[in-house]
Every structure is written in C-alpha cells, then in structure tokens.
Amino acid sequence: MKHLLCAFVLGIFCFDLASAQPAAPQGPHFGGAMNKLFGEHTAFSATLEMQGKDEKGEMATIPGKLDVDAGRSRFELDMTQVKPNRVTPAQAAQMKQFGLDKIVMVDRPDKKVGYMIYAGLQSYVESPLKDRNATAAPDDFKVEITELGKETVDGHPCVKSKAVVTDKDGKKSESTIWNATDLKNFPVRIRSTEGGGEDTLSFRDITFAKPAASLFEPPTGYTKYDSMMAMMRDQMMKQMGGALPFGR
C-alpha cells in the first residue's frame, strides 16, 4: 500500500480558476489490500479523520464521512474543514461560487472507476482508478498479524498489532492497527509508513449497518464529465452567459 493520504493532500485544490487549472483531489481507497486490514468488516459507516504531511511537509488533517461496502467507498467532505486551510478568502468565495466547497468521492473498484460528485453543480467527474492495489481482488493479498500490546484509543480498549500485507507479486506493505475489542475488533486507527512518510486513519462513530447501494452511484440527473477541466470550463461558460473564456 502506498501512502493513503498523499494523493489527496497533493491535490487539495491548489487551483486558480482564472487559468482553469483545477486539480481534483483523490480520496482514500478501501478496496484490494485495504480490505485485509478490516477483517470481517466489509460493510460499515464512520466518521473518518485522515492525517499526513502535505506538499510543504506540514501535518494536514482531513475530516469527513465514510461509507464502505465490499471495497466500494464513499467519502464526503467539506473543503473548508481541511487543516491547514491555505485557501484565501477570494479563493474560498470562488469555491462556493463554483460549487466546489463540498465534495463526495466514490471509489468503485468493481468497475475500476471513481466519481467526484459536486452537489453544488449537480455534476460529477468519472475517471479510471489507477491504483492497482485498489482494484485488485482481496484474494490477491495475504495478511500476517503480529500482536504488539494493548492500548486505549478514544476510550476503546484495543489490541495493537503489526499488519503486513503481501500482494501476489510478493510486495509487502506494513501498517500498525488498533483493533477495538468492544467494537467487534474493528480497526479504529490505522497507521501506515512508507518512503519516510506516515499516514494515519482514525475512525469514530462506527456503525455496521450495510450502506444503501445508491450511495455508491452518481445521483440521477447529474451531468457527467470526463475531466475536471471539462467540468470547470462548462461551469465558467455558464457563469459568463455562454461566452467562451480565454479569448477563444
């Protein structure tokens, strides 16, 4: 498993609408190798907080609402809640004007695609999932768990363990997990290190009811785009009354 957070942090709307170069963030992947860290818990909902270093080497915190079912995942967030928040007031106003402040990220490893859904625009961007581990079958991985001790996390008694996941090519990735014994051994914290970095996923408000299947589909009636650029160009044209921007 590569860094769970780096792709998202590097893509957090370092954009300039005037130059039409928005960069869409990517959410966490819960298919393939990640499935192995959750054991029997293939369907759940939770509040998720992701922490990791951003492009400036500072710790970034990204909170949101997570739903997972058999590797399919939905992560809903408000960009104004991301810390540190480097968005200027002018950029924040642009984000709200263009309906970019609230985002839903859906991963469909079964279809090998991801959706970036913008309710404020009634639009979504569909793109292929490029992470091979996210789209691989769970049976392509083996996991070895070694108990390290016992700790309390957010009031939950946990067994702290080292988890080594090996893919079918023999590549290994290592994480530390805290399984809450009062929550059916659900991993309330997962910490992964690779390439000198460290990412942490913290889960709270966990429920084990199966999420509705509709949560993992684009809403009916929303406009589909193949790229952020195409969606933003269309929205800018609408804002300008149909006039082509950039002198074209």
# chains A, B, ... in the order shown; residues from 1 in each chain; ligands from 1
>>> select_by_dssp(residues="segment 9-202 of chain A", states="alpha helix (DSSP H)", output="NGL selection string")
:A and (9-10 or 89-97 or 132-135)
>>> residues_around(residues="Ala134 of chain A", least_positions_apart="2", cutoff="7 Å", atoms="only C-alpha atoms", output="list in words")
His29, Phe30, Gly31, Gly32, Ala33, Pro109, Asp131, Arg132 and Ala136 of chain A
>>> residues_around(residues="Asp101 of chain A", least_positions_apart="2", cutoff="6 Å", atoms="only C-alpha atoms", output="MDAnalysis selection string")
chainID A and resid 78:79 95:96 99
>>> write_last_selection(atoms="C-alpha atoms", output="compact mmCIF listing (two decimals), in the first residue's frame")
# COMPACT_ATOMS: atom_id res chain seq x y z
CA ASP A 78 -16.32 19.96 3.28
CA MET A 79 -13.14 21.56 1.92
CA MET A 95 -15.03 27.70 -4.47
CA LYS A 96 -18.50 28.42 -3.11
CA GLY A 99 -19.95 24.78 -6.01
>>> closest_atom_pairs(of="segment 77-196 of chain A", to="segment 61-70 of chain A", cutoff="12 Å", atoms="only C-alpha atoms", output="JSON lines")
{"residue": "A:Leu77", "atom": "CA", "partner": "A:Gly64", "partner_atom": "CA", "distance": 4.5}
{"residue": "A:Asp78", "atom": "CA", "partner": "A:Gly64", "partner_atom": "CA", "distance": 7.3}
{"residue": "A:Met79", "atom": "CA", "partner": "A:Ile62", "partner_atom": "CA", "distance": 8.4}
{"residue": "A:Thr80", "atom": "CA", "partner": "A:Ile62", "partner_atom": "CA", "distance": 9.8}
{"residue": "A:Gln81", "atom": "CA", "partner": "A:Pro63", "partner_atom": "CA", "distance": 7.0}
{"residue": "A:Val82", "atom": "CA", "partner": "A:Ile62", "partner_atom": "CA", "distance": 4.9}
{"residue": "A:Lys83", "atom": "CA", "partner": "A:Thr61", "partner_atom": "CA", "distance": 5.1}
{"residue": "A:Pro84", "atom": "CA", "partner": "A:Thr61", "partner_atom": "CA", "distance": 7.2}
{"residue": "A:Asn85", "atom": "CA", "partner": "A:Thr61", "partner_atom": "CA", "distance": 9.6}
{"residue": "A:Lys102", "atom": "CA", "partner": "A:Gly64", "partner_atom": "CA", "distance": 10.4}
{"residue": "A:Ile103", "atom": "CA", "partner": "A:Gly64", "partner_atom": "CA", "distance": 9.9}
{"residue": "A:Val104", "atom": "CA", "partner": "A:Lys65", "partner_atom": "CA", "distance": 9.3}
{"residue": "A:Met105", "atom": "CA", "partner": "A:Leu66", "partner_atom": "CA", "distance": 9.6}
{"residue": "A:Val106", "atom": "CA", "partner": "A:Asp67", "partner_atom": "CA", "distance": 9.3}
{"residue": "A:Asp107", "atom": "CA", "partner": "A:Val68", "partner_atom": "CA", "distance": 9.5}
{"residue": "A:Arg108", "atom": "CA", "partner": "A:Ala70", "partner_atom": "CA", "distance": 9.8}
{"residue": "A:Pro109", "atom": "CA", "partner": "A:Ala70", "partner_atom": "CA", "distance": 9.5}
{"residue": "A:Asp110", "atom": "CA", "partner": "A:Ala70", "partner_atom": "CA", "distance": 9.2}
{"residue": "A:Ala134", "atom": "CA", "partner": "A:Ala70", "partner_atom": "CA", "distance": 11.9}
{"residue": "A:Thr135", "atom": "CA", "partner": "A:Ala70", "partner_atom": "CA", "distance": 11.8}
{"residue": "A:Ala137", "atom": "CA", "partner": "A:Ala70", "partner_atom": "CA", "distance": 10.6}
{"residue": "A:Pro138", "atom": "CA", "partner": "A:Ala70", "partner_atom": "CA", "distance": 9.7}
>>> write_last_selection(atoms="N, CA and C atoms", output="PDB file, in the first residue's frame")
ATOM      1  N   LEU A  77     -16.831  15.235   2.176  1.00  0.00           N
ATOM      2  CA  LEU A  77     -16.121  16.216   2.972  1.00  0.00           C
ATOM      3  C   LEU A  77     -16.470  17.638   2.566  1.00  0.00           C
ATOM      4  N   ASP A  78     -16.180  18.525   3.497  1.00  0.00           N
ATOM      5  CA  ASP A  78     -16.318  19.963   3.284  1.00  0.00           C
ATOM      6  C   ASP A  78     -14.904  20.524   3.234  1.00  0.00           C
ATOM      7  N   MET A  79     -14.508  21.091   2.091  1.00  0.00           N
ATOM      8  CA  MET A  79     -13.136  21.564   1.923  1.00  0.00           C
ATOM      9  C   MET A  79     -12.746  22.642   2.929  1.00  0.00           C
ATOM     10  N   THR A  80     -13.734  23.358   3.476  1.00  0.00           N
ATOM     11  CA  THR A  80     -13.412  24.408   4.447  1.00  0.00           C
ATOM     12  C   THR A  80     -12.979  23.824   5.779  1.00  0.00           C
ATOM     13  N   GLN A  81     -13.185  22.517   5.989  1.00  0.00           N
ATOM     14  CA  GLN A  81     -12.805  21.872   7.244  1.00  0.00           C
ATOM     15  C   GLN A  81     -11.404  21.270   7.205  1.00  0.00           C
ATOM     16  N   VAL A  82     -10.776  21.289   6.027  1.00  0.00           N
ATOM     17  CA  VAL A  82      -9.420  20.754   5.896  1.00  0.00           C
ATOM     18  C   VAL A  82      -8.426  21.689   6.577  1.00  0.00           C
ATOM     19  N   LYS A  83      -7.474  21.128   7.316  1.00  0.00           N
ATOM     20  CA  LYS A  83      -6.458  21.931   8.004  1.00  0.00           C
ATOM     21  C   LYS A  83      -5.075  21.408   7.640  1.00  0.00           C
ATOM     22  N   PRO A  84      -4.071  22.278   7.468  1.00  0.00           N
ATOM     23  CA  PRO A  84      -4.220  23.738   7.486  1.00  0.00           C
ATOM     24  C   PRO A  84      -4.965  24.239   6.254  1.00  0.00           C
ATOM     25  N   ASN A  85      -5.718  25.282   6.445  1.00  0.00           N
ATOM     26  CA  ASN A  85      -6.522  25.850   5.363  1.00  0.00           C
ATOM     27  C   ASN A  85      -5.757  27.011   4.734  1.00  0.00           C
ATOM     28  N   LYS A 102     -17.994  21.530  -1.306  1.00  0.00           N
ATOM     29  CA  LYS A 102     -18.422  20.244  -0.765  1.00  0.00           C
ATOM     30  C   LYS A 102     -18.318  19.178  -1.847  1.00  0.00           C
ATOM     31  N   ILE A 103     -17.646  18.088  -1.489  1.00  0.00           N
ATOM     32  CA  ILE A 103     -17.303  17.057  -2.465  1.00  0.00           C
ATOM     33  C   ILE A 103     -17.662  15.679  -1.926  1.00  0.00           C
ATOM     34  N   VAL A 104     -18.104  14.808  -2.803  1.00  0.00           N
ATOM     35  CA  VAL A 104     -18.279  13.394  -2.482  1.00  0.00           C
ATOM     36  C   VAL A 104     -17.389  12.592  -3.423  1.00  0.00           C
ATOM     37  N   MET A 105     -16.528  11.749  -2.854  1.00  0.00           N
ATOM     38  CA  MET A 105     -15.622  10.915  -3.645  1.00  0.00           C
ATOM     39  C   MET A 105     -16.069   9.466  -3.520  1.00  0.00           C
ATOM     40  N   VAL A 106     -16.353   8.846  -4.630  1.00  0.00           N
ATOM     41  CA  VAL A 106     -16.800   7.452  -4.644  1.00  0.00           C
ATOM     42  C   VAL A 106     -15.788   6.613  -5.419  1.00  0.00           C
ATOM     43  N   ASP A 107     -15.326   5.541  -4.798  1.00  0.00           N
ATOM     44  CA  ASP A 107     -14.449   4.577  -5.465  1.00  0.00           C
ATOM     45  C   ASP A 107     -15.255   3.330  -5.801  1.00  0.00           C
ATOM     46  N   ARG A 108     -15.180   2.895  -7.057  1.00  0.00           N
ATOM     47  CA  ARG A 108     -15.832   1.664  -7.482  1.00  0.00           C
ATOM     48  C   ARG A 108     -14.783   0.719  -8.077  1.00  0.00           C
ATOM     49  N   PRO A 109     -14.028   0.008  -7.223  1.00  0.00           N
ATOM     50  CA  PRO A 109     -13.025  -0.915  -7.764  1.00  0.00           C
ATOM     51  C   PRO A 109     -13.637  -2.033  -8.596  1.00  0.00           C
ATOM     52  N   ASP A 110     -14.926  -2.345  -8.348  1.00  0.00           N
ATOM     53  CA  ASP A 110     -15.586  -3.365  -9.151  1.00  0.00           C
ATOM     54  C   ASP A 110     -15.764  -2.907 -10.594  1.00  0.00           C
ATOM     55  N   ALA A 134      -5.856  -0.918  -5.408  1.00  0.00           N
ATOM     56  CA  ALA A 134      -7.245  -0.591  -5.093  1.00  0.00           C
ATOM     57  C   ALA A 134      -8.222  -1.417  -5.913  1.00  0.00           C
ATOM     58  N   THR A 135      -7.811  -1.830  -7.104  1.00  0.00           N
ATOM     59  CA  THR A 135      -8.728  -2.555  -7.990  1.00  0.00           C
ATOM     60  C   THR A 135      -8.475  -4.051  -7.997  1.00  0.00           C
ATOM     61  N   ALA A 137      -8.317  -7.928  -6.601  1.00  0.00           N
ATOM     62  CA  ALA A 137      -9.236  -8.717  -5.777  1.00  0.00           C
ATOM     63  C   ALA A 137      -8.619  -8.944  -4.395  1.00  0.00           C
ATOM     64  N   PRO A 138      -9.431  -8.964  -3.335  1.00  0.00           N
ATOM     65  CA  PRO A 138      -8.906  -9.209  -1.983  1.00  0.00           C
ATOM     66  C   PRO A 138      -8.120 -10.512  -1.885  1.00  0.00           C
TER      67      PRO A 138
END
>>> residues_around(residues="Phe44 of chain A", least_positions_apart="4", cutoff="6 Å", atoms="only C-alpha atoms", output="ChimeraX atom specification")
/A:68,207-209
>>> closest_residue(among="A:Pro211, A:Thr223, A:Arg233, A:Thr176", to="Thr42 of chain A", atoms="only C-alpha atoms")
A:Pro211
>>> residues_around(residues="Ile177 of chain A", least_positions_apart="2", cutoff="8 Å", atoms="only C-alpha atoms", output="MDAnalysis selection string")
chainID A and resid 37 160:163 175 179 187:191
>>> closest_residue(among="A:Glu217, A:Val164, A:Glu198, A:Met228", to="Glu58 of chain A", atoms="only C-alpha atoms")
A:Glu198
>>> select_by_dssp(residues="segment 60-115 of chain A", states="strand (DSSP E or B)", output="list in words")
Ala60, Thr61, Ile62, Pro63, Gly64, Lys65, Leu66, Asp67, Val68, Asp69, Arg72, Ser73, Arg74, Phe75, Glu76, Leu77, Asp78, Lys83, Lys102, Ile103, Val104, Met105, Val106, Asp107, Arg108, Val113, Gly114 and Tyr115 of chain A
>>> write_last_selection(atoms="N, CA and C atoms", output="PDB file, in the first residue's frame")
ATOM      1  N   ALA A  60      -1.300  17.654   7.777  1.00  0.00           N
ATOM      2  CA  ALA A  60      -2.619  18.024   7.282  1.00  0.00           C
ATOM      3  C   ALA A  60      -3.661  17.107   7.896  1.00  0.00           C
ATOM      4  N   THR A  61      -4.836  17.656   8.194  1.00  0.00           N
ATOM      5  CA  THR A  61      -5.945  16.896   8.755  1.00  0.00           C
ATOM      6  C   THR A  61      -7.157  17.047   7.849  1.00  0.00           C
ATOM      7  N   ILE A  62      -7.743  15.929   7.472  1.00  0.00           N
ATOM      8  CA  ILE A  62      -8.868  15.927   6.547  1.00  0.00           C
ATOM      9  C   ILE A  62      -9.998  15.102   7.156  1.00  0.00           C
ATOM     10  N   PRO A  63     -11.052  15.752   7.650  1.00  0.00           N
ATOM     11  CA  PRO A  63     -12.185  15.018   8.227  1.00  0.00           C
ATOM     12  C   PRO A  63     -13.287  14.795   7.203  1.00  0.00           C
ATOM     13  N   GLY A  64     -14.078  13.759   7.413  1.00  0.00           N
ATOM     14  CA  GLY A  64     -15.192  13.511   6.509  1.00  0.00           C
ATOM     15  C   GLY A  64     -16.038  12.343   6.971  1.00  0.00           C
ATOM     16  N   LYS A  65     -17.056  12.047   6.185  1.00  0.00           N
ATOM     17  CA  LYS A  65     -17.967  10.935   6.456  1.00  0.00           C
ATOM     18  C   LYS A  65     -17.685   9.819   5.466  1.00  0.00           C
ATOM     19  N   LEU A  66     -17.531   8.598   5.987  1.00  0.00           N
ATOM     20  CA  LEU A  66     -17.132   7.463   5.166  1.00  0.00           C
ATOM     21  C   LEU A  66     -18.192   6.366   5.190  1.00  0.00           C
ATOM     22  N   ASP A  67     -18.461   5.792   4.016  1.00  0.00           N
ATOM     23  CA  ASP A  67     -19.292   4.598   3.886  1.00  0.00           C
ATOM     24  C   ASP A  67     -18.529   3.590   3.041  1.00  0.00           C
ATOM     25  N   VAL A  68     -18.528   2.320   3.469  1.00  0.00           N
ATOM     26  CA  VAL A  68     -17.794   1.272   2.762  1.00  0.00           C
ATOM     27  C   VAL A  68     -18.682   0.040   2.637  1.00  0.00           C
ATOM     28  N   ASP A  69     -18.623  -0.597   1.487  1.00  0.00           N
ATOM     29  CA  ASP A  69     -19.340  -1.857   1.281  1.00  0.00           C
ATOM     30  C   ASP A  69     -18.597  -2.675   0.234  1.00  0.00           C
ATOM     31  N   ARG A  72     -16.201  -0.984  -2.148  1.00  0.00           N
ATOM     32  CA  ARG A  72     -16.737   0.291  -2.649  1.00  0.00           C
ATOM     33  C   ARG A  72     -16.708   1.297  -1.498  1.00  0.00           C
ATOM     34  N   SER A  73     -16.329   2.520  -1.787  1.00  0.00           N
ATOM     35  CA  SER A  73     -16.248   3.512  -0.714  1.00  0.00           C
ATOM     36  C   SER A  73     -16.803   4.852  -1.173  1.00  0.00           C
ATOM     37  N   ARG A  74     -17.321   5.595  -0.189  1.00  0.00           N
ATOM     38  CA  ARG A  74     -17.841   6.935  -0.416  1.00  0.00           C
ATOM     39  C   ARG A  74     -17.296   7.815   0.706  1.00  0.00           C
ATOM     40  N   PHE A  75     -16.600   8.898   0.331  1.00  0.00           N
ATOM     41  CA  PHE A  75     -16.024   9.822   1.304  1.00  0.00           C
ATOM     42  C   PHE A  75     -16.557  11.209   1.020  1.00  0.00           C
ATOM     43  N   GLU A  76     -17.256  11.767   1.991  1.00  0.00           N
ATOM     44  CA  GLU A  76     -17.904  13.066   1.834  1.00  0.00           C
ATOM     45  C   GLU A  76     -17.213  14.083   2.733  1.00  0.00           C
ATOM     46  N   LEU A  77     -16.831  15.235   2.176  1.00  0.00           N
ATOM     47  CA  LEU A  77     -16.121  16.216   2.972  1.00  0.00           C
ATOM     48  C   LEU A  77     -16.470  17.638   2.566  1.00  0.00           C
ATOM     49  N   ASP A  78     -16.180  18.525   3.497  1.00  0.00           N
ATOM     50  CA  ASP A  78     -16.318  19.963   3.284  1.00  0.00           C
ATOM     51  C   ASP A  78     -14.904  20.524   3.234  1.00  0.00           C
ATOM     52  N   LYS A  83      -7.474  21.128   7.316  1.00  0.00           N
ATOM     53  CA  LYS A  83      -6.458  21.931   8.004  1.00  0.00           C
ATOM     54  C   LYS A  83      -5.075  21.408   7.640  1.00  0.00           C
ATOM     55  N   LYS A 102     -17.994  21.530  -1.306  1.00  0.00           N
ATOM     56  CA  LYS A 102     -18.422  20.244  -0.765  1.00  0.00           C
ATOM     57  C   LYS A 102     -18.318  19.178  -1.847  1.00  0.00           C
ATOM     58  N   ILE A 103     -17.646  18.088  -1.489  1.00  0.00           N
ATOM     59  CA  ILE A 103     -17.303  17.057  -2.465  1.00  0.00           C
ATOM     60  C   ILE A 103     -17.662  15.679  -1.926  1.00  0.00           C
ATOM     61  N   VAL A 104     -18.104  14.808  -2.803  1.00  0.00           N
ATOM     62  CA  VAL A 104     -18.279  13.394  -2.482  1.00  0.00           C
ATOM     63  C   VAL A 104     -17.389  12.592  -3.423  1.00  0.00           C
ATOM     64  N   MET A 105     -16.528  11.749  -2.854  1.00  0.00           N
ATOM     65  CA  MET A 105     -15.622  10.915  -3.645  1.00  0.00           C
ATOM     66  C   MET A 105     -16.069   9.466  -3.520  1.00  0.00           C
ATOM     67  N   VAL A 106     -16.353   8.846  -4.630  1.00  0.00           N
ATOM     68  CA  VAL A 106     -16.800   7.452  -4.644  1.00  0.00           C
ATOM     69  C   VAL A 106     -15.788   6.613  -5.419  1.00  0.00           C
ATOM     70  N   ASP A 107     -15.326   5.541  -4.798  1.00  0.00           N
ATOM     71  CA  ASP A 107     -14.449   4.577  -5.465  1.00  0.00           C
ATOM     72  C   ASP A 107     -15.255   3.330  -5.801  1.00  0.00           C
ATOM     73  N   ARG A 108     -15.180   2.895  -7.057  1.00  0.00           N
ATOM     74  CA  ARG A 108     -15.832   1.664  -7.482  1.00  0.00           C
ATOM     75  C   ARG A 108     -14.783   0.719  -8.077  1.00  0.00           C
ATOM     76  N   VAL A 113     -13.490   2.475 -11.683  1.00  0.00           N
ATOM     77  CA  VAL A 113     -13.683   3.904 -11.892  1.00  0.00           C
ATOM     78  C   VAL A 113     -13.916   4.596 -10.551  1.00  0.00           C
ATOM     79  N   GLY A 114     -13.717   5.900 -10.561  1.00  0.00           N
ATOM     80  CA  GLY A 114     -14.020   6.723  -9.404  1.00  0.00           C
ATOM     81  C   GLY A 114     -14.885   7.895  -9.830  1.00  0.00           C
ATOM     82  N   TYR A 115     -15.717   8.389  -8.914  1.00  0.00           N
ATOM     83  CA  TYR A 115     -16.580   9.528  -9.182  1.00  0.00           C
ATOM     84  C   TYR A 115     -16.246  10.651  -8.209  1.00  0.00           C
TER      85      TYR A 115
END
>>> atom_distance(atom1="atom CA of Leu201 of chain A", atom2="atom CA of Gly71 of chain A")
16.4 Å
>>> closest_residue(among="A:Met229, A:Met59, A:Ala119, A:Ile145", to="Lys36 of chain A", atoms="only C-alpha atoms")
A:Ile145
>>> atom_distance(atom1="atom CA of Phe38 of chain A", atom2="atom CA of Pro219 of chain A")
28.1 Å
>>> atom_distance(atom1="atom CA of Asn185 of chain A", atom2="atom CA of His156 of chain A")
10.2 Å
>>> residues_around(residues="Pro218 of chain A", least_positions_apart="3", cutoff="9 Å", atoms="only C-alpha atoms", output="list in words")
Val106, Tyr115, Met116, Ile117, Ser123, Tyr124, Ser214, Leu215, Gly221, Tyr222 and Lys224 of chain A
